[in-house]
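S.K.: Please find target.txt (compact mmCIF, C-alpha atoms) on the next line:
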# COMPACT_ATOMS: atom_id res chain seq x y z
CA MET A 136 74.45 -180.30 -8.60
CA ASN A 137 74.34 -180.33 -12.41
CA THR A 138 72.29 -183.10 -13.98
CA THR A 139 72.03 -184.69 -17.41
CA ARG A 140 68.86 -184.71 -19.50
CA SER A 141 68.24 -188.18 -18.07
CA GLY A 142 68.12 -186.68 -14.56
CA ARG A 143 71.33 -188.34 -13.37
CA PRO A 144 74.12 -186.27 -11.78
CA ALA A 145 76.34 -184.90 -14.54
CA LEU A 146 79.62 -186.77 -14.96
CA THR A 147 82.57 -184.95 -16.51
CA ARG A 148 86.31 -185.36 -16.82
CA PRO A 149 88.27 -183.99 -13.82
CA ASP A 150 88.97 -180.78 -15.76
CA GLY A 151 85.24 -180.25 -16.37
CA THR A 152 85.28 -181.15 -20.08
CA PRO A 153 82.95 -183.84 -21.51
CA VAL A 154 83.79 -187.51 -20.98
CA ARG A 155 85.14 -189.08 -24.21
CA VAL A 156 83.85 -192.48 -25.28
CA LEU A 157 84.69 -194.64 -28.30
CA VAL A 158 82.00 -197.17 -29.38
CA VAL A 159 83.32 -200.10 -31.43
CA ASP A 160 80.76 -202.41 -33.06
CA ASP A 161 80.33 -203.70 -36.63
CA ASP A 162 76.55 -203.20 -36.43
CA PRO A 163 76.05 -199.54 -37.48
CA ASP A 164 72.50 -199.41 -36.10
CA LEU A 165 73.58 -200.65 -32.67
CA ALA A 166 76.58 -198.32 -32.64
CA GLU A 167 74.34 -195.35 -33.45
CA VAL A 168 71.80 -196.22 -30.75
CA LEU A 169 74.57 -196.61 -28.17
CA SER A 170 76.18 -193.36 -29.27
CA GLY A 171 72.89 -191.51 -28.94
CA ALA A 172 72.41 -192.77 -25.37
CA LEU A 173 75.92 -191.69 -24.41
CA ARG A 174 75.58 -188.26 -26.04
CA TYR A 175 72.42 -187.88 -23.97
CA GLU A 176 74.75 -187.96 -20.96
CA GLY A 177 76.57 -184.95 -22.41
CA TRP A 178 79.59 -187.04 -23.46
CA GLU A 179 81.71 -186.75 -26.61
CA VAL A 180 81.28 -189.96 -28.61
CA ARG A 181 82.92 -191.45 -31.69
CA THR A 182 82.15 -194.78 -33.39
CA ALA A 183 84.26 -197.39 -35.18
CA CYS A 184 83.18 -200.51 -37.08
CA ASP A 185 86.34 -202.66 -36.87
CA GLY A 186 89.65 -203.01 -35.08
CA ALA A 187 91.66 -200.84 -37.47
CA SER A 188 89.25 -197.89 -37.31
CA ALA A 189 89.00 -198.35 -33.52
CA LEU A 190 92.74 -197.78 -33.12
CA THR A 191 92.63 -194.78 -35.45
CA GLY A 192 89.73 -193.34 -33.46
CA ALA A 193 91.52 -193.98 -30.16
CA ARG A 194 94.63 -192.13 -31.32
CA GLU A 195 92.55 -189.13 -32.41
CA LEU A 196 89.96 -189.03 -29.60
CA ARG A 197 92.11 -190.22 -26.68
CA PRO A 198 88.97 -191.73 -25.08
CA ASP A 199 88.36 -192.13 -21.37
CA ALA A 200 86.31 -195.28 -22.06
CA VAL A 201 85.74 -197.72 -24.92
CA VAL A 202 82.64 -199.83 -25.51
CA LEU A 203 84.15 -202.76 -27.41
CA ASP A 204 82.46 -205.64 -29.22
CA VAL A 205 84.35 -208.92 -28.79
CA MET A 206 83.60 -210.11 -32.35
CA LEU A 207 84.82 -207.74 -35.08
CA PRO A 208 85.20 -208.37 -38.83
CA ASP A 209 88.99 -207.96 -38.96
CA THR A 210 90.07 -209.16 -35.49
CA ASP A 211 88.71 -209.83 -32.01
CA GLY A 212 88.13 -207.42 -29.18
CA PHE A 213 90.87 -208.90 -27.00
CA ALA A 214 93.52 -208.06 -29.65
CA VAL A 215 92.08 -204.56 -30.00
CA LEU A 216 92.22 -204.16 -26.22
CA ARG A 217 95.94 -204.91 -26.14
CA SER A 218 96.57 -202.28 -28.82
CA LEU A 219 94.29 -199.77 -27.08
CA HIS A 220 96.32 -200.08 -23.91
CA GLU A 221 99.43 -199.22 -25.91
CA VAL A 222 97.71 -196.05 -27.14
CA LYS A 223 96.16 -195.10 -23.77
CA PRO A 224 97.09 -197.42 -20.87
CA ASP A 225 94.47 -196.05 -18.45
CA VAL A 226 91.45 -196.31 -20.77
CA CYS A 227 88.38 -198.08 -19.31
CA VAL A 228 87.03 -200.91 -21.48
CA LEU A 229 83.49 -202.30 -21.42
CA PHE A 230 83.17 -205.46 -23.53
CA LEU A 231 80.05 -206.30 -25.54
CA THR A 232 79.45 -209.92 -26.47
CA ALA A 233 76.76 -212.33 -27.57
CA ARG A 234 78.39 -215.10 -25.51
CA ASP A 235 77.21 -215.58 -21.95
CA THR A 236 79.37 -218.12 -20.15
CA VAL A 237 81.40 -217.70 -16.99
CA GLU A 238 84.57 -218.59 -18.92
CA ASP A 239 83.96 -215.84 -21.47
CA ARG A 240 83.26 -213.27 -18.77
CA ILE A 241 86.38 -214.14 -16.81
CA ALA A 242 88.41 -214.18 -20.05
CA GLY A 243 87.30 -210.64 -20.82
CA ILE A 244 88.24 -209.34 -17.41
CA THR A 245 91.56 -211.18 -17.13
CA ALA A 246 92.47 -209.93 -20.63
CA GLY A 247 92.37 -206.43 -19.17
CA GLY A 248 88.75 -205.44 -19.69
CA ASP A 249 87.01 -203.64 -16.85
CA ASP A 250 83.47 -204.91 -17.35
CA TYR A 251 81.35 -207.15 -19.55
CA VAL A 252 77.84 -206.75 -21.04
CA THR A 253 76.00 -209.58 -22.77
CA LYS A 254 73.78 -208.92 -25.78
CA PRO A 255 70.91 -208.14 -25.74
CA PHE A 256 71.31 -205.41 -23.14
CA SER A 257 69.51 -202.27 -22.04
CA LEU A 258 70.98 -198.86 -22.80
CA GLU A 259 70.46 -197.89 -19.15
CA GLU A 260 72.64 -200.81 -18.10
CA VAL A 261 75.48 -199.79 -20.43
CA VAL A 262 75.35 -196.17 -19.27
CA ALA A 263 75.28 -197.18 -15.60
CA ARG A 264 78.25 -199.50 -15.96
CA LEU A 265 80.27 -196.90 -17.87
CA ARG A 266 79.56 -194.28 -15.22
CA GLY A 267 80.72 -196.70 -12.53
CA LEU A 268 83.90 -197.58 -14.42
CA LEU A 269 84.79 -193.95 -15.03
CA ARG A 270 84.29 -192.99 -11.39
CA ARG A 271 86.32 -195.94 -10.14
CA ALA A 272 89.16 -195.12 -12.53
CA GLY A 273 89.21 -191.47 -11.45
CA MET A 274 88.61 -190.51 -15.09
CA ALA A 275 85.44 -188.62 -14.23
CA ARG A 276 83.86 -186.94 -11.26
CA GLN A 277 80.57 -185.76 -9.82
CA GLN A 278 80.30 -182.89 -7.39
CA GLU A 279 81.34 -184.58 -4.20
CA GLU A 280 84.40 -186.58 -3.15
CA GLY A 281 84.56 -188.92 -0.18
CA PRO A 282 86.59 -188.32 2.98
CA ARG A 283 89.83 -189.89 4.12
CA MET A 284 89.13 -193.28 5.72
CA THR A 285 91.13 -195.28 8.24
CA VAL A 286 90.66 -198.88 9.37
CA GLY A 287 93.48 -200.01 11.64
CA ASP A 288 96.76 -199.26 9.83
CA LEU A 289 94.97 -199.15 6.47
CA VAL A 290 94.36 -195.61 5.15
CA MET A 291 92.52 -194.52 2.01
CA ASP A 292 92.63 -190.99 0.65
CA GLU A 293 89.68 -190.96 -1.75
CA GLU A 294 90.50 -187.58 -3.26
CA ALA A 295 94.11 -188.53 -4.03
CA ARG A 296 93.04 -192.14 -4.76
CA GLU A 297 95.90 -193.34 -2.59
CA VAL A 298 95.97 -196.32 -0.23
CA THR A 299 98.62 -197.07 2.38
CA ARG A 300 99.05 -199.82 4.93
CA ALA A 301 101.43 -199.23 7.81
CA GLY A 302 102.65 -196.21 5.86
CA GLN A 303 103.50 -198.16 2.72
CA ILE A 304 101.77 -197.39 -0.59
CA VAL A 305 99.43 -200.11 -1.87
CA GLU A 306 99.05 -199.93 -5.67
CA LEU A 307 95.50 -200.84 -6.75
CA SER A 308 93.63 -201.04 -10.02
CA PRO A 309 90.43 -198.93 -10.30
CA THR A 310 88.18 -201.91 -9.54
CA GLU A 311 90.36 -203.06 -6.63
CA PHE A 312 90.22 -199.52 -5.23
CA GLU A 313 86.42 -199.45 -5.41
CA LEU A 314 86.14 -202.89 -3.79
CA LEU A 315 88.45 -201.87 -0.95
CA ARG A 316 86.54 -198.61 -0.51
CA PHE A 317 83.29 -200.55 -0.04
CA LEU A 318 84.94 -202.83 2.52
CA MET A 319 86.46 -199.87 4.37
CA ARG A 320 83.14 -198.06 4.50
CA ASN A 321 81.70 -201.12 6.23
CA PRO A 322 84.42 -202.31 8.67
CA ARG A 323 83.61 -205.37 10.76
CA ARG A 324 80.43 -205.88 8.71
CA VAL A 325 80.06 -209.08 6.70
CA LEU A 326 79.25 -208.19 3.09
CA SER A 327 77.70 -210.80 0.83
CA LYS A 328 78.86 -211.40 -2.72
CA ALA A 329 75.54 -210.06 -3.96
CA GLN A 330 76.02 -206.81 -2.02
CA ILE A 331 79.54 -206.42 -3.37
CA LEU A 332 78.42 -207.08 -6.95
CA ASP A 333 75.63 -204.54 -6.63
CA ARG A 334 77.85 -201.82 -5.12
CA VAL A 335 81.15 -202.34 -6.93
CA TRP A 336 79.94 -203.55 -10.32
CA SER A 337 76.42 -202.01 -10.14
CA TYR A 338 74.72 -205.22 -11.27
CA ASP A 339 74.34 -208.86 -10.33
CA PHE A 340 76.80 -210.25 -12.95
CA GLY A 341 74.20 -212.72 -14.15
CA GLY A 342 74.07 -214.33 -10.73
CA GLN A 343 77.74 -215.31 -10.94
CA ALA A 344 80.02 -214.47 -8.03
CA HIS A 345 83.32 -215.65 -9.52
CA VAL A 346 84.44 -212.09 -10.22
CA VAL A 347 84.11 -211.18 -6.52
CA GLU A 348 86.28 -214.13 -5.48
CA LEU A 349 88.83 -213.15 -8.13
CA TYR A 350 89.11 -209.53 -6.99
CA ILE A 351 89.12 -210.42 -3.28
CA SER A 352 92.13 -212.63 -4.01
CA TYR A 353 93.81 -209.73 -5.83
CA LEU A 354 93.18 -207.43 -2.86
CA ARG A 355 94.54 -209.95 -0.37
CA LYS A 356 97.79 -210.24 -2.32
CA LYS A 357 98.24 -206.47 -2.15
CA VAL A 358 96.72 -205.43 1.19
CA ASP A 359 97.53 -208.48 3.33
CA ALA A 360 100.75 -209.68 1.69
CA GLY A 361 103.41 -210.26 4.34
CA ARG A 362 101.16 -208.82 7.05
CA GLN A 363 98.47 -210.00 9.44
CA PRO A 364 95.34 -210.39 7.33
CA MET A 365 92.56 -207.82 7.45
CA ILE A 366 90.30 -209.33 4.77
CA HIS A 367 88.47 -212.40 6.03
CA THR A 368 86.09 -214.91 4.45
CA VAL A 369 82.98 -215.82 6.41
CA ARG A 370 81.99 -219.15 4.92
CA GLY A 371 78.55 -219.09 3.39
CA ALA A 372 78.07 -215.39 4.19
CA GLY A 373 80.66 -213.23 2.44
CA TYR A 374 83.68 -211.12 3.34
CA VAL A 375 84.62 -208.73 6.14
CA LEU A 376 87.40 -206.20 6.70
CA LYS A 377 88.69 -206.10 10.29
CA PRO A 378 91.50 -204.03 11.80
CA VAL A 379 94.35 -206.05 13.24
CA LEU A 380 94.17 -205.93 17.04
Now, as a test, write the supplied structure out as structure tokens.
M.R.:
Amino acid sequence: MNTTRSGRPALTRPDGTPVRVLVVDDDPDLAEVLSGALRYEGWEVRTACDGASALTGARELRPDAVVLDVMLPDTDGFAVLRSLHEVKPDVCVLFLTARDTVEDRIAGITAGGDDYVTKPFSLEEVVARLRGLLRRAGMARQQEEGPRMTVGDLVMDEEAREVTRAGQIVELSPTEFELLRFLMRNPRRVLSKAQILDRVWSYDFGGQAHVVELYISYLRKKVDAGRQPMIHTVRGAGYVLKPVL
């Protein structure tokens, strides 16, 4: 397996070309440090210092992921995100912010962001979260792909990134897909919120579990809607996926 200079497995776009990342921050020193860390992964990186240049860069680069500061000199990151999705609807967005409240974190995710990093942060953390986002979105790949999984009438084709229940397609976002994959790899096993955060989001989310509850509710609406439920809450312990008997 190919590796990066950091020793991690190399991550590329599905066609084998370098992952493309746009870094948007009005602090040129921070943007340069972040860019250097991402180039170390073998990725193609471009920087922007405000919302206007971010949109120009997105149109030219067509990035797979954007590292986006919430506070910019000409607008805010949420407005930029909406415009980015018009340019490239499937782009992964990792928010950077100096604010560290549950409300701000949830606001970033419900606005359409995929993840959230609070300043100050480690470069390793940013790289790890980006790698996780890109894999979940199917925008990048390592050497191996997982097998087809079946739990009851729920089927996941990891290579095609397709989920069906009772033969009907279940449309999932990248994060919902990764959450369901973790549940399906551990059927009948109760998974704590901490375990889910660590596996699906690759970090502990500052000790907050609200995002797990939010995405479990999203999954239930899609997987269990109008059917006998497969996703169950075990009070005080976590969540479990069980086939319908």
S.K.: With all atoms listed in the file as the basis for distance, which of A:Ser170, A:Thr147, A:Thr299, A:Thr210 is at the shortest distance from Val358 (chain A)?
M.R.: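 Between A:Ser170, A:Thr147, A:Thr299, A:Thr210, the residue approaching Val358 (chain A) most closely is A:Thr299.
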S.K.: Which residue gives the smallest distance to Tyr353 (chain A) among A:Met291, A:Val375, A:Leu165, A:Leu314, with all atoms listed in the file counted?
M.R.: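 Under the stated criterion, the closest residue is A:Leu314.
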S.K.: Just give me the gap between CA of Val202 (chain A) and CA of Val156 (chain A) in Å, one decimal is fine.
M.R.: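 The value is 7.5 Å.
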S.K.: Choose the residue, out of A:Gly302, A:Gly287, A:Ile366, A:Leu318, that has the smallest atom-to-atom separation from Pro378 (chain A); count only C-alpha atoms.
M.R.: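 Smallest distance to Pro378 (chain A) is found for A:Gly287.
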S.K.: Have a look at A:Arg324, A:Arg266, A:Lys254, A:Arg194 and name the one nearest to Glu176 (chain A); count only C-alpha atoms.
M.R.: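 Under the stated criterion, the closest residue is A:Arg266.
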S.K.: For Thr253 (chain A), find every residue with an atom within 6 Å (counting all atoms listed in the file), except residues of its own chain fewer than 5 positions away, and show them as a list in words.
M.R.: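 Listed by chain and then number, they are Leu231, Thr232 and Ala233 of chain A.
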S.K.: Tell me which of A:Lys356, A:Arg362, A:Lys223, A:Arg148 sits closest to Ala301 (chain A), counting only C-alpha atoms.
M.R.: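 Smallest separation from Ala301 (chain A) among the options: A:Arg362.
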S.K.: To one decimal place in Å, what is the distance between CA of Leu332 (chain A) and CA of Val252 (chain A)?
M.R.: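 Computing the Euclidean distance for CA of Leu332 (chain A) and CA of Val252 (chain A) yields 14.1 Å.
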S.K.: For region 283-301 of chain A, take all atoms listed in the file, fit an axis-aligned box around them, add 8 Å to each of the six sides, then output centre and edge lengths in Å rounded to one decimal, as AutoDock Vina command-line options.
M.R.:
--center_x 95.3 --center_y -193.8 --center_z 3.4 --size_x 28.3 --size_y 28.4 --size_z 32.4
S.K.: For a quick check of understanding, using all atoms listed in the file, which of A:Val159, A:Val205, A:Leu258, A:Val168 has the smallest distance to Leu190 (chain A)?
M.R.: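 Closest to Leu190 (chain A) of all the choices is A:Val159.
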S.K.: As JSON, numbers by chain, please: the residues near Arg271 (chain A) (cut-off 9 Å, all atoms listed in the file, same-chain neighbours under 2 positions excluded).
M.R.: {"A": [266, 267, 268, 269, 273, 274, 275, 308, 309, 310, 311, 312, 313, 335]}
S.K.: Those residues with C-alpha atoms, as a compact mmCIF listing (two decimals), in the coordinates of the input please?
M.R.:
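Generated file (part.txt):
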# COMPACT_ATOMS: atom_id res chain seq x y z
CA ARG A 266 79.56 -194.28 -15.22
CA GLY A 267 80.72 -196.70 -12.53
CA LEU A 268 83.90 -197.58 -14.42
CA LEU A 269 84.79 -193.95 -15.03
CA GLY A 273 89.21 -191.47 -11.45
CA MET A 274 88.61 -190.51 -15.09
CA ALA A 275 85.44 -188.62 -14.23
CA SER A 308 93.63 -201.04 -10.02
CA PRO A 309 90.43 -198.93 -10.30
CA THR A 310 88.18 -201.91 -9.54
CA GLU A 311 90.36 -203.06 -6.63
CA PHE A 312 90.22 -199.52 -5.23
CA GLU A 313 86.42 -199.45 -5.41
CA VAL A 335 81.15 -202.34 -6.93
S.K.: Identify, on the basis of all atoms listed in the file, every residue whose closest approach to Phe230 (chain A) does not exceed 9 Å; exclude the query and any residue fewer than 5 positions from it along the same chain; express the result as JSON, numbers by chain.
M.R.: {"A": [201, 202, 203, 204, 205, 212, 243, 244, 248, 249, 250, 251, 252, 253]}
S.K.: Excluding Leu169 (chain A) and its own-chain neighbours fewer than 4 positions away, which residues fall within 9 Å of it when counting all atoms listed in the file? Please give them as a ChimeraX atom specification.
M.R.: /A:158,164-165,173-174,258,261-262
S.K.: List the neighbours of Ala187 (chain A) out to 9 Å using all atoms listed in the file; skip same-chain residues closer than 4 positions along the sequence, and give me the result as a list in words.
M.R.: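 Residues meeting the cut-off are Ala183, Thr191, Gly192, Asp209, Thr210 and Val215 of chain A.
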